[in-house]
Amino acid sequence: MRGHRVLGLALAGLLTIGVLAVIVIPRIRPAPHKNETTVRALVSSEKQPFFSDPDVVAALGRAGYRLEITSAGSREIATTHDLSGFDLAFPADAPQADRIRRDRGISASYVPFFTPMAIATFAPVAELLTAAGVSSREGDHYLFDMRRYLDLVAAGTRWSQLPGNNAYRTDKSLLISSTDVRTSNSAALYLAIASYVSNGGNVVTDPGTAERITDRLAPLFLRQGYLDASSQEPFNDFLTIGIGKTPMVMVYEAQFRAHALARDGSLTNDMLLMYPSPTIYAKHTVVPLTSAGDTVGRLLTTDPELQRLAVRHGFRTADAGYGRQYAAERGSGPVPQLVNVIEPPSAEISERMISRIEAQYTKGPG
Amino acid sequence: MFGLLAACATVFAVASCGSGSDPPPEPGPGRPGVLRILAGSEVADVEPLLDDLRAATGVTVRLTYTGTLDGAEKIIGHSSGADAAWFSSDRYLRLLPGGATAAVARTPVMESPVVLGVRSSLATKFGWTGNPNVTWSDIAAKVASGELTYAMTNPAASNSGFSALVGVAAALAGTSDALRASDIRGDALTSFFSGQTLTAGSSGWLADAFAARPQDAGGMINYESVLLSLQRSGRLHEPLTIVYPRDGIITADYPMLLLDPARRDEYTRVVNWLRSPAAQRRLQTDTNRRPAVPGVPLDPRFPAARLIELPFPATQAVADELLGSYFDRFRRPSHAIFVLDGSGSMAGQRLAGLKSALAGLTGGDTSLSGRFTRFRGREKITLLLFNSSVGRPREFVVTDAQASSPDLAAVRSYIDGLQVQGGTAIYSALTDAYHLASSSIVRDPGYLTSIVLMTDGENNTGLSAAQFRADYQELPQQARDVRTFCVIFGEARPDDLRSIATDTGGATFDARASSLAEAFKDIRGYQ
């Protein structure tokens with residue numbers, strides 16, 4: 001139980017969002033043992049709570065490693081960040097890892113854990129969307145029809161125009177809240193899903209199509225106005241301000257699951273997840289840059305304790321059986337098996353789409 | 001609790017110029033165990049919690065207060081001398097070039113929506129009591145019919161005013177979506193802001209002024225926390241009905257920003273303590289802020305009604321377009337009467353400082369704060385010089401607000417020619433200024449008129465303080481309502497100037513430790 005309590009505290013306390021931060025994890029702990037190897041890791045910012053968890057620090061320490069974490073956005077890790085001096089890079093997604101591997105001629109990589117994109121929402125909103133034919137109930141979760149949603153957005157649909165809407169009466173546009181696509185990987189994955197659907201159910205592979213489709217999709221972000229830089233913030237608004245600000249917000253499943261498993265009181269009974277159909281997995285991928293980085297990548301993927309801790313933080317791991325068992329222990333349902341899952345576009349195509357939206361911010365939406 | 005907030009806000013006005021509070025933080029590296037925070041005056045009411053914070057975390061927090069834009073400028077320029085920053089909002093900061101990366105961490109600490117408090121008799125008359133369906137358009141209609149006036153802070157000086165401007169513009173655009181420049185409905189906004197009869201550079205000072213002079217405004221747009229605190233202070237002649245417009249509001253989330261990564265440990269301990277359930281409950285009870293942490297239940301003082309959050313502009317271009325239009329087109333134009341000391345003691349550096357401060361207001365100051373404190377379109381400026389006697393007033397009207405315009409060139413040329421000699425007839429000059437204001441108000445009732453009194457010495461000739469007061473008491477009510485903002489400079493007698501400010505509902509600004517330019521820019525927030 002001690003571990004659960006600590007996790008709860010970690011979640012409550014470590015909502016501190018690193019935009020670009022260097023932290024030496026064991027600062028609150030005694031000086032490192034002489035026999036610990038220091039490994040410098042460049043990690044996407046949403047994993048900071050995992051690496052700040054004292055139990056994770058201890059498990060790595062038992063294996064002889066002390067991680068010095070620099071956190072940055074995944075896009076920055078793959079495109080602009082200087083990797084010299086790091087032992088490993090750990091972006092949130094496979095295409096970004098692929099790009100680093102290709103640029104540097106590295107063959108190895110590890111995927112210690114992964115998590116699908118999901119939409120956190122409230123029961124009345126989910127029911128309203130079901131009545132409108134956008135979502136459908138599948139057991140204890142909902143599927144969210146991205147095609148139908150994009151059609152409604154293209155038509156400029158407002159919440160107040162949904163049939164039989166007594167649950168959420170506002171003239172605001174029907175839009176999923178997201179982070180800023182210029183800085184945040186969760187927004188980039190949202191764009192990846194939308195581009196796949198807009199491209200007639202195909203992953204976008206050529207620059208011309210990418211630009212044409214991005215021009216149609218840019219309003220998904222620009223119409224929201226000011227957006228937070230990191231995925232923790234709109235989810236935090238979902239939890240505290242609630243339906244009035246974020247009736248539905250694009251999140252990583254892990255963010256929601258971590259609170260559900262910790263039972264820390266932050267989720268109310270009417271909060272639930274809808275899974276976009278199709279959805280996409282954020283495959284957190286370690287790219288080793290040195291042999292020490294390689295060992296830590298393998299450790300994160302194979303060490304049973306570290307794998308269990310990843311589950312506690314809401315991630316899915318290779319051992320789905322343990323995930324089910326732990327969820328049952330915590331009185332939570334198992335994560336759903338998702339069928340309609342797509343692959344993201346390459347890092348280059350993704351970058352091209354994001355740059356195109358970035359240009360619209362600079363010139364202003366009018 | 002409110003008394004404290006108000007006191008801090010008042011101190012802030014003075015303190016920003018270097019007296020009455022801690023000295024500004026030393027530049028250079030910080031010290032372990034201390035977190036130096038550059039803060040907005042709106043978080044001053046958290047100070048009573050800081051002793052317990054230190055006992056629990058071992059971290060000493062030092063707050064230094066400054067205005068929103070001034071703070072943003074320092075943060076982006078890495079010249080704050082602070083380890084962290086704590087304002088009610090960082091949204092505008094993050095739209096600025098370099099603003100999004102200036103902080104290495106960001107943690108929301110508490111929440112308060114910007115809403116409207118209306119005197120309960122008016123709320124009853126309008127049918128707004130207990131009515132969840134009031135919209136910004138309904139409020140705009142009561143302004144247009146002349147039945148409602150309100151107080152609101154200056155949107156360039158204070159986040160509550162800026163949030164209100166953004167929210168009202170989005171709501172009246174009819175889209176409730178993120179505002180684009182083409183959505184801004186100028187005529188509707190000009191009508192709405194014609195109802196703003198009281199402005200201020202800080203939310204706390206605004207609340208004080210609103211409570212002190214009921215005749216000025218029928219309502220006030222401010223943080224829910226300020227309205228609730230005022231409501232509970234017992235200082236209101238008539239209780240307020242708080243209106244949460246159905247079409248949406250903008251909520252401040254008071255993010256604490258880490259500026260220096262070397263202080264991450266102290267920062268983490270401070271924000272974790274502030275976000276602990278016990279501290280969150282205290283912030284609700286003592287400061288009327290909503291919790292920013294999931295799982296802390298909402299106190300019954302807050303209505304359970306669902307608040308719709310309006311989007312904030314996505315780009316600096318839209319935000320600046322809105323601010324610029326507010327000053328040049330939407331708000332009631334300002335008539336600023338500057339009563340300036342031209343006595344012999346002002347010769348040399350002091351006169352140079354005065355000329356430079358005034359030239360800055362004509363467009364010479366291109367800093368972020370300078371851009372939004374300069375003279376604006378439609379504004380009337382009267383310069384009244386005095387020494388042993390009072391000079392002839394010189395009035396300027398700004399029809400073209402560009403720095404290169406002939407209007408502002410004329411102001412600059414007049415300032416360039418200022419000469420100083422002789423004695424200091426403060427009260428004669430102030431008496432003349434009030435008579436001038438009195439006739440000007442009759443001529444142009446649409447203006448918000450205020451007086452700035454700058455002196456570097458004590459009254460040594462002309463009318464006495466008592467003679468000024470006797471004359472002031474004989475003025476019509478609307479002339480007596482003109483506030484005088486006093487700049488303490490040189491050997492001026494602070495007590496004399498504070499009396500003038502207190503009697504006229506104004507404030508004092510201390511330029512001795514900073515500069516006349518800083519004091520004038522601060523005062524611009526109140527005009």
# chains A, B, ... in the order shown; residues from 1 in each chain; ligands from 1

$ select_by_dssp --residues "stretch 30-278 of chain B" --states "strand (DSSP E)" --output "PyMOL selection string"
chain B and resi 34-39+60-65+84-86+105-108+110-119+150-151+196-198+219-223+240-243+250-252+255-258

$ write_last_selection --atoms "C-alpha atoms" --output "compact mmCIF listing (two decimals), in the first residue's frame"
# COMPACT_ATOMS: atom_id res chain seq x y z
CA VAL B 34 14.85 31.34 -0.54
CA LEU B 35 12.41 31.78 -3.41
CA ARG B 36 12.28 35.35 -4.72
CA ILE B 37 8.99 35.80 -6.53
CA LEU B 38 8.02 38.64 -8.84
CA ALA B 39 4.28 38.88 -8.23
CA THR B 60 11.40 31.56 2.65
CA VAL B 61 9.24 33.22 0.01
CA ARG B 62 9.91 36.86 -0.83
CA LEU B 63 7.23 38.58 -2.88
CA THR B 64 7.98 41.75 -4.85
CA TYR B 65 5.02 43.34 -6.61
CA ALA B 84 9.92 32.66 -9.88
CA ALA B 85 6.92 34.70 -11.00
CA TRP B 86 3.35 34.63 -9.76
CA ALA B 105 7.99 25.14 -15.18
CA ARG B 106 4.43 26.28 -14.66
CA THR B 107 2.03 25.24 -11.90
CA PRO B 108 -1.50 26.63 -11.45
CA MET B 110 -5.71 28.56 -7.48
CA GLU B 111 -8.56 29.82 -9.62
CA SER B 112 -10.93 32.75 -9.85
CA PRO B 113 -13.23 33.70 -12.72
CA VAL B 114 -13.63 37.33 -13.79
CA VAL B 115 -17.33 38.15 -13.32
CA LEU B 116 -19.71 41.06 -12.68
CA GLY B 117 -20.91 42.24 -9.29
CA VAL B 118 -24.04 44.45 -9.45
CA ARG B 119 -25.62 46.43 -6.62
CA TYR B 150 -19.47 49.72 -13.88
CA ALA B 151 -15.90 49.72 -12.62
CA GLN B 196 -17.06 51.94 -17.62
CA THR B 197 -17.04 54.95 -15.32
CA LEU B 198 -14.20 53.85 -13.04
CA GLY B 219 -21.39 47.42 -10.65
CA MET B 220 -17.86 46.13 -10.90
CA ILE B 221 -16.15 43.60 -13.15
CA ASN B 222 -13.48 41.90 -11.10
CA TYR B 223 -12.24 38.54 -9.87
CA LEU B 240 -23.61 42.90 -4.52
CA THR B 241 -25.34 40.31 -6.66
CA ILE B 242 -22.70 38.34 -8.50
CA VAL B 243 -23.61 37.64 -12.11
CA ILE B 250 -12.47 33.80 -18.35
CA THR B 251 -10.86 32.21 -15.32
CA ALA B 252 -7.50 33.20 -13.85
CA PRO B 255 0.24 29.94 -12.27
CA MET B 256 3.52 30.01 -10.42
CA LEU B 257 6.34 30.09 -12.96
CA LEU B 258 9.85 28.87 -12.27

$ residues_around --residues "A:Ile280" --least-positions-apart "4" --cutoff "7 Å" --atoms "only C-alpha atoms" --output "PyMOL selection string"
chain A and resi 116-117+193+341-343

$ write_last_selection --atoms "C-alpha atoms" --output "PDB file, in the first residue's frame"
ATOM      1  CA  PRO A 116      -3.444   5.092 -26.772  1.00  0.00           C
ATOM      2  CA  MET A 117      -4.926   8.520 -27.402  1.00  0.00           C
ATOM      3  CA  ILE A 193      -5.586  10.736 -36.472  1.00  0.00           C
ATOM      4  CA  VAL A 341      -5.745   1.527 -34.408  1.00  0.00           C
ATOM      5  CA  ILE A 342      -3.661   3.271 -37.044  1.00  0.00           C
ATOM      6  CA  GLU A 343      -0.012   4.140 -37.528  1.00  0.00           C
TER       7      GLU A 343
END

$ interface_residues --of "chain B" --to "chain A" --cutoff "7 Å" --atoms "only C-alpha atoms" --output "PyMOL selection string"
chain B and resi 104-107+175-178+180-182+247+272+292-295+306-309+311-315+317

$ write_last_selection --atoms "C-alpha atoms" --output "short mmCIF file (atom, residue, chain, number, x, y, z; two decimals), in the first residue's frame"
data_model
loop_
_atom_site.label_atom_id
_atom_site.label_comp_id
_atom_site.auth_asym_id
_atom_site.auth_seq_id
_atom_site.Cartn_x
_atom_site.Cartn_y
_atom_site.Cartn_z
CA VAL B 104 11.03 26.35 -17.10
CA ALA B 105 7.99 25.14 -15.18
CA ARG B 106 4.43 26.28 -14.66
CA THR B 107 2.03 25.24 -11.90
CA THR B 175 -19.27 33.10 -31.95
CA SER B 176 -17.96 32.18 -28.50
CA ASP B 177 -14.97 30.87 -30.46
CA ALA B 178 -11.43 32.14 -30.28
CA ARG B 180 -10.04 36.70 -34.72
CA ALA B 181 -9.36 40.31 -35.61
CA SER B 182 -12.24 40.19 -38.09
CA ASP B 247 -22.28 32.75 -22.42
CA ASN B 272 3.44 21.25 -3.61
CA ALA B 292 -6.77 24.34 -8.65
CA VAL B 293 -6.29 20.79 -7.46
CA PRO B 294 -8.58 17.90 -8.37
CA GLY B 295 -10.27 16.23 -5.44
CA ARG B 306 -21.52 25.41 -14.40
CA LEU B 307 -19.37 28.20 -15.79
CA ILE B 308 -18.64 28.25 -19.49
CA GLU B 309 -15.06 29.20 -20.18
CA PRO B 311 -11.41 30.98 -25.32
CA PHE B 312 -8.47 33.33 -25.19
CA PRO B 313 -6.91 34.68 -28.44
CA ALA B 314 -4.33 32.45 -30.08
CA THR B 315 -1.94 35.17 -31.16
CA ALA B 317 -1.61 40.13 -32.94
#

$ atom_distance --atom1 "atom CA of B:Val134" --atom2 "atom CA of A:Ile176"
26.3 Å

$ residues_around --residues "B:Leu516" --least-positions-apart "5" --cutoff "8 Å" --atoms "only C-alpha atoms" --output "mmCIF file with N, CA and C atoms, in the first residue's frame"
data_model
loop_
_atom_site.group_PDB
_atom_site.id
_atom_site.type_symbol
_atom_site.label_atom_id
_atom_site.label_comp_id
_atom_site.auth_asym_id
_atom_site.auth_seq_id
_atom_site.Cartn_x
_atom_site.Cartn_y
_atom_site.Cartn_z
ATOM 1 N N GLY B 353 14.422 64.720 -16.195
ATOM 2 C CA GLY B 353 13.633 63.514 -15.909
ATOM 3 C C GLY B 353 12.162 63.723 -16.233
ATOM 4 N N LEU B 354 11.650 64.919 -15.904
ATOM 5 C CA LEU B 354 10.239 65.215 -16.177
ATOM 6 C C LEU B 354 9.988 65.255 -17.687
ATOM 7 N N ALA B 357 10.079 61.778 -19.039
ATOM 8 C CA ALA B 357 8.897 60.992 -18.661
ATOM 9 C C ALA B 357 7.709 61.366 -19.543
ATOM 10 N N VAL B 487 2.355 62.528 -7.401
ATOM 11 C CA VAL B 487 3.691 61.947 -7.536
ATOM 12 C C VAL B 487 4.590 62.581 -6.485
ATOM 13 N N PHE B 489 8.061 63.423 -5.119
ATOM 14 C CA PHE B 489 9.350 63.560 -5.799
ATOM 15 C C PHE B 489 10.199 64.538 -4.999
ATOM 16 N N ALA B 511 8.072 58.582 -6.649
ATOM 17 C CA ALA B 511 9.075 58.559 -7.726
ATOM 18 C C ALA B 511 10.473 58.772 -7.179
#

$ closest_residue --among "A:Leu152, A:Ala63, A:Val111, A:Ala192" --to "A:Glu305" --atoms "only C-alpha atoms"
A:Ala63

$ residues_around --residues "stretch 444-461 of chain B" --least-positions-apart "5" --cutoff "9 Å" --atoms "only C-alpha atoms" --output "JSON, numbers by chain"
{"B": [194, 197, 198, 199, 332, 333, 334, 335, 336, 337, 338, 339, 340, 341, 342, 343, 345, 346, 350, 379, 380, 387, 388, 389, 423, 424, 425, 426, 427, 428, 430, 433, 434, 437, 439, 479, 481, 482, 483, 484, 485, 486, 487, 488, 489, 490, 491, 492, 493, 496, 497, 506, 516, 520, 523, 526, 527]}

$ write_last_selection --atoms "C-alpha atoms" --output "JSON list (two decimals), in the first residue's frame"
[["chain", "number", "residue", "atom", "x", "y", "z"],
["B", 194, "SER", "CA", -19.05, 53.56, -22.50],
["B", 197, "THR", "CA", -17.04, 54.95, -15.32],
["B", 198, "LEU", "CA", -14.20, 53.85, -13.04],
["B", 199, "THR", "CA", -10.82, 52.44, -14.01],
["B", 332, "ARG", "CA", -14.43, 56.48, -22.67],
["B", 333, "PRO", "CA", -11.64, 58.83, -23.65],
["B", 334, "SER", "CA", -9.49, 60.16, -20.88],
["B", 335, "HIS", "CA", -8.90, 63.78, -20.00],
["B", 336, "ALA", "CA", -5.62, 63.88, -18.11],
["B", 337, "ILE", "CA", -4.78, 67.14, -16.39],
["B", 338, "PHE", "CA", -1.10, 67.26, -15.45],
["B", 339, "VAL", "CA", -0.26, 69.81, -12.77],
["B", 340, "LEU", "CA", 3.50, 70.09, -12.96],
["B", 341, "ASP", "CA", 6.00, 71.74, -10.67],
["B", 342, "GLY", "CA", 8.08, 74.29, -12.59],
["B", 343, "SER", "CA", 9.80, 75.81, -9.55],
["B", 345, "SER", "CA", 14.32, 73.40, -7.47],
["B", 346, "MET", "CA", 13.33, 71.35, -10.52],
["B", 350, "ARG", "CA", 14.84, 66.76, -12.30],
["B", 379, "GLU", "CA", -7.48, 61.67, -25.36],
["B", 380, "LYS", "CA", -7.38, 65.23, -24.01],
["B", 387, "ASN", "CA", 5.85, 77.94, -9.75],
["B", 388, "SER", "CA", 5.12, 80.96, -7.56],
["B", 389, "SER", "CA", 2.09, 81.47, -9.74],
["B", 423, "GLY", "CA", 8.50, 79.11, -5.80],
["B", 424, "THR", "CA", 5.94, 76.36, -5.29],
["B", 425, "ALA", "CA", 2.26, 77.32, -5.26],
["B", 426, "ILE", "CA", 0.84, 73.78, -5.09],
["B", 427, "TYR", "CA", -2.64, 74.58, -3.81],
["B", 428, "SER", "CA", -3.21, 77.53, -6.13],
["B", 430, "LEU", "CA", -4.54, 72.45, -7.82],
["B", 433, "ALA", "CA", -6.92, 72.47, -12.10],
["B", 434, "TYR", "CA", -10.22, 71.64, -10.39],
["B", 437, "ALA", "CA", -11.85, 70.13, -14.77],
["B", 439, "SER", "CA", -15.85, 73.45, -16.81],
["B", 479, "ALA", "CA", -15.92, 68.09, -10.25],
["B", 481, "ASP", "CA", -15.38, 63.35, -8.08],
["B", 482, "VAL", "CA", -12.24, 64.04, -10.12],
["B", 483, "ARG", "CA", -9.42, 62.08, -8.50],
["B", 484, "THR", "CA", -5.95, 63.48, -7.97],
["B", 485, "PHE", "CA", -2.98, 61.14, -8.34],
["B", 486, "CYS", "CA", 0.07, 62.61, -6.65],
["B", 487, "VAL", "CA", 3.69, 61.95, -7.54],
["B", 488, "ILE", "CA", 6.03, 62.24, -4.56],
["B", 489, "PHE", "CA", 9.35, 63.56, -5.80],
["B", 490, "GLY", "CA", 12.42, 65.29, -4.40],
["B", 491, "GLU", "CA", 11.62, 67.12, -1.16],
["B", 492, "ALA", "CA", 7.84, 66.94, -1.56],
["B", 493, "ARG", "CA", 5.96, 66.38, 1.71],
["B", 496, "ASP", "CA", 0.51, 66.66, 2.26],
["B", 497, "LEU", "CA", 0.22, 64.71, -0.98],
["B", 506, "GLY", "CA", -6.82, 59.36, -5.67],
["B", 516, "LEU", "CA", 9.19, 60.04, -12.77],
["B", 520, "PHE", "CA", 3.75, 58.36, -14.64],
["B", 523, "ILE", "CA", -0.60, 56.46, -12.96],
["B", 526, "TYR", "CA", -5.71, 54.85, -13.33],
["B", 527, "GLN", "CA", -6.66, 57.38, -16.01]]

$ atom_distance --atom1 "atom CA of B:Leu206" --atom2 "atom CA of B:Trp136"
21.0 Å

$ closest_residue --among "B:Pro239, B:Gly186, B:Glu321, B:Ser514" --to "B:Thr129" --atoms "only C-alpha atoms"
B:Pro239

$ atom_distance --atom1 "atom CA of B:Leu230" --atom2 "atom CA of B:Ala207"
7.2 Å

$ residues_around --residues "A:Arg352" --least-positions-apart "3" --cutoff "10 Å" --atoms "only C-alpha atoms" --output "PyMOL selection string"
chain A and resi 207-208+210-211+214+346-349+355-358

$ write_last_selection --atoms "N, CA and C atoms" --output "compact mmCIF listing (two decimals), in the first residue's frame"
# COMPACT_ATOMS: atom_id res chain seq x y z
N PRO A 207 4.12 14.94 -49.31
CA PRO A 207 4.05 16.32 -48.83
C PRO A 207 2.86 17.10 -49.39
N GLY A 208 2.52 16.88 -50.65
CA GLY A 208 1.41 17.63 -51.24
C GLY A 208 0.10 17.35 -50.52
N ALA A 210 -0.16 16.19 -47.54
CA ALA A 210 -0.02 16.69 -46.16
C ALA A 210 -0.44 18.15 -46.09
N GLU A 211 0.01 18.94 -47.05
CA GLU A 211 -0.29 20.38 -47.00
C GLU A 211 -1.77 20.64 -47.28
N THR A 214 -3.72 19.50 -44.21
CA THR A 214 -3.47 20.34 -43.03
C THR A 214 -4.27 21.64 -43.11
N SER A 346 5.08 9.52 -40.96
CA SER A 346 6.51 9.64 -40.64
C SER A 346 6.77 10.97 -39.94
N ALA A 347 7.90 11.02 -39.27
CA ALA A 347 8.26 12.25 -38.55
C ALA A 347 8.35 13.43 -39.52
N GLU A 348 8.84 13.17 -40.75
CA GLU A 348 8.98 14.27 -41.71
C GLU A 348 7.62 14.82 -42.13
N ILE A 349 6.67 13.93 -42.40
CA ILE A 349 5.33 14.37 -42.79
C ILE A 349 4.66 15.08 -41.62
N SER A 355 4.42 22.43 -39.16
CA SER A 355 5.00 23.70 -39.62
C SER A 355 3.96 24.52 -40.37
N ARG A 356 3.11 23.83 -41.11
CA ARG A 356 2.10 24.53 -41.89
C ARG A 356 1.09 25.23 -40.97
N ILE A 357 0.74 24.56 -39.88
CA ILE A 357 -0.17 25.20 -38.91
C ILE A 357 0.56 26.34 -38.19
N GLU A 358 1.82 26.10 -37.87
CA GLU A 358 2.62 27.13 -37.22
C GLU A 358 2.61 28.42 -38.03

$ residues_around --residues "A:Ala320" --least-positions-apart "5" --cutoff "10 Å" --atoms "only C-alpha atoms" --output "PyMOL selection string"
chain A and resi 311+325-326+334-335

$ write_last_selection --atoms "C-alpha atoms" --output "PDB file, in the first residue's frame"
ATOM      1  CA  VAL A 311       1.367   0.094 -15.172  1.00  0.00           C
ATOM      2  CA  GLN A 325      -4.558  -8.053 -12.468  1.00  0.00           C
ATOM      3  CA  TYR A 326      -3.448  -4.665 -11.119  1.00  0.00           C
ATOM      4  CA  PRO A 334      -9.337  -3.519 -17.499  1.00  0.00           C
ATOM      5  CA  VAL A 335      -8.264  -1.310 -20.395  1.00  0.00           C
TER       6      VAL A 335
END

$ residues_around --residues "B:Ser203" --least-positions-apart "5" --cutoff "8 Å" --atoms "only C-alpha atoms" --output "list in words"
Ala9, Glu42, Met152, Thr153, Ser158, Ser160, Asn222, Tyr223 and Val226 of chain B

$ write_last_selection --atoms "N, CA and C atoms" --output "PDB file, in the first residue's frame"
ATOM      1  N   ALA B   9      -2.860  46.364  -1.853  1.00  0.00           N
ATOM      2  CA  ALA B   9      -2.965  46.964  -3.176  1.00  0.00           C
ATOM      3  C   ALA B   9      -2.559  48.429  -3.110  1.00  0.00           C
ATOM      4  N   GLU B  42      -2.366  41.147  -7.093  1.00  0.00           N
ATOM      5  CA  GLU B  42      -3.561  40.341  -6.833  1.00  0.00           C
ATOM      6  C   GLU B  42      -3.279  39.074  -6.033  1.00  0.00           C
ATOM      7  N   MET B 152     -14.030  48.760 -13.797  1.00  0.00           N
ATOM      8  CA  MET B 152     -13.216  47.687 -14.377  1.00  0.00           C
ATOM      9  C   MET B 152     -11.782  48.183 -14.436  1.00  0.00           C
ATOM     10  N   THR B 153     -10.806  47.289 -14.240  1.00  0.00           N
ATOM     11  CA  THR B 153      -9.415  47.763 -14.284  1.00  0.00           C
ATOM     12  C   THR B 153      -8.984  48.022 -15.715  1.00  0.00           C
ATOM     13  N   SER B 158      -3.756  45.455 -15.764  1.00  0.00           N
ATOM     14  CA  SER B 158      -4.257  44.460 -14.822  1.00  0.00           C
ATOM     15  C   SER B 158      -4.985  43.346 -15.564  1.00  0.00           C
ATOM     16  N   SER B 160      -7.442  41.392 -14.653  1.00  0.00           N
ATOM     17  CA  SER B 160      -8.900  41.255 -14.579  1.00  0.00           C
ATOM     18  C   SER B 160      -9.559  42.084 -15.679  1.00  0.00           C
ATOM     19  N   ASN B 222     -14.699  42.191 -11.841  1.00  0.00           N
ATOM     20  CA  ASN B 222     -13.484  41.904 -11.099  1.00  0.00           C
ATOM     21  C   ASN B 222     -13.411  40.401 -10.868  1.00  0.00           C
ATOM     22  N   TYR B 223     -12.312  39.951 -10.236  1.00  0.00           N
ATOM     23  CA  TYR B 223     -12.242  38.543  -9.869  1.00  0.00           C
ATOM     24  C   TYR B 223     -13.374  38.213  -8.903  1.00  0.00           C
ATOM     25  N   VAL B 226     -12.251  38.803  -5.412  1.00  0.00           N
ATOM     26  CA  VAL B 226     -12.278  40.186  -4.921  1.00  0.00           C
ATOM     27  C   VAL B 226     -13.711  40.580  -4.574  1.00  0.00           C
TER      28      VAL B 226
END

$ closest_residue --among "B:Thr382, B:Thr101, B:Arg524, B:Ile500" --to "B:Arg394" --atoms "only C-alpha atoms"
B:Thr382

$ closest_residue --among "B:Thr431, B:Ser438, B:Ser163, B:Pro29" --to "B:Ser464" --atoms "only C-alpha atoms"
B:Thr431

$ closest_residue --among "A:Ile119, A:Ala92, A:Pro336, A:Phe50" --to "A:Gly139" --atoms "only C-alpha atoms"
A:Pro336
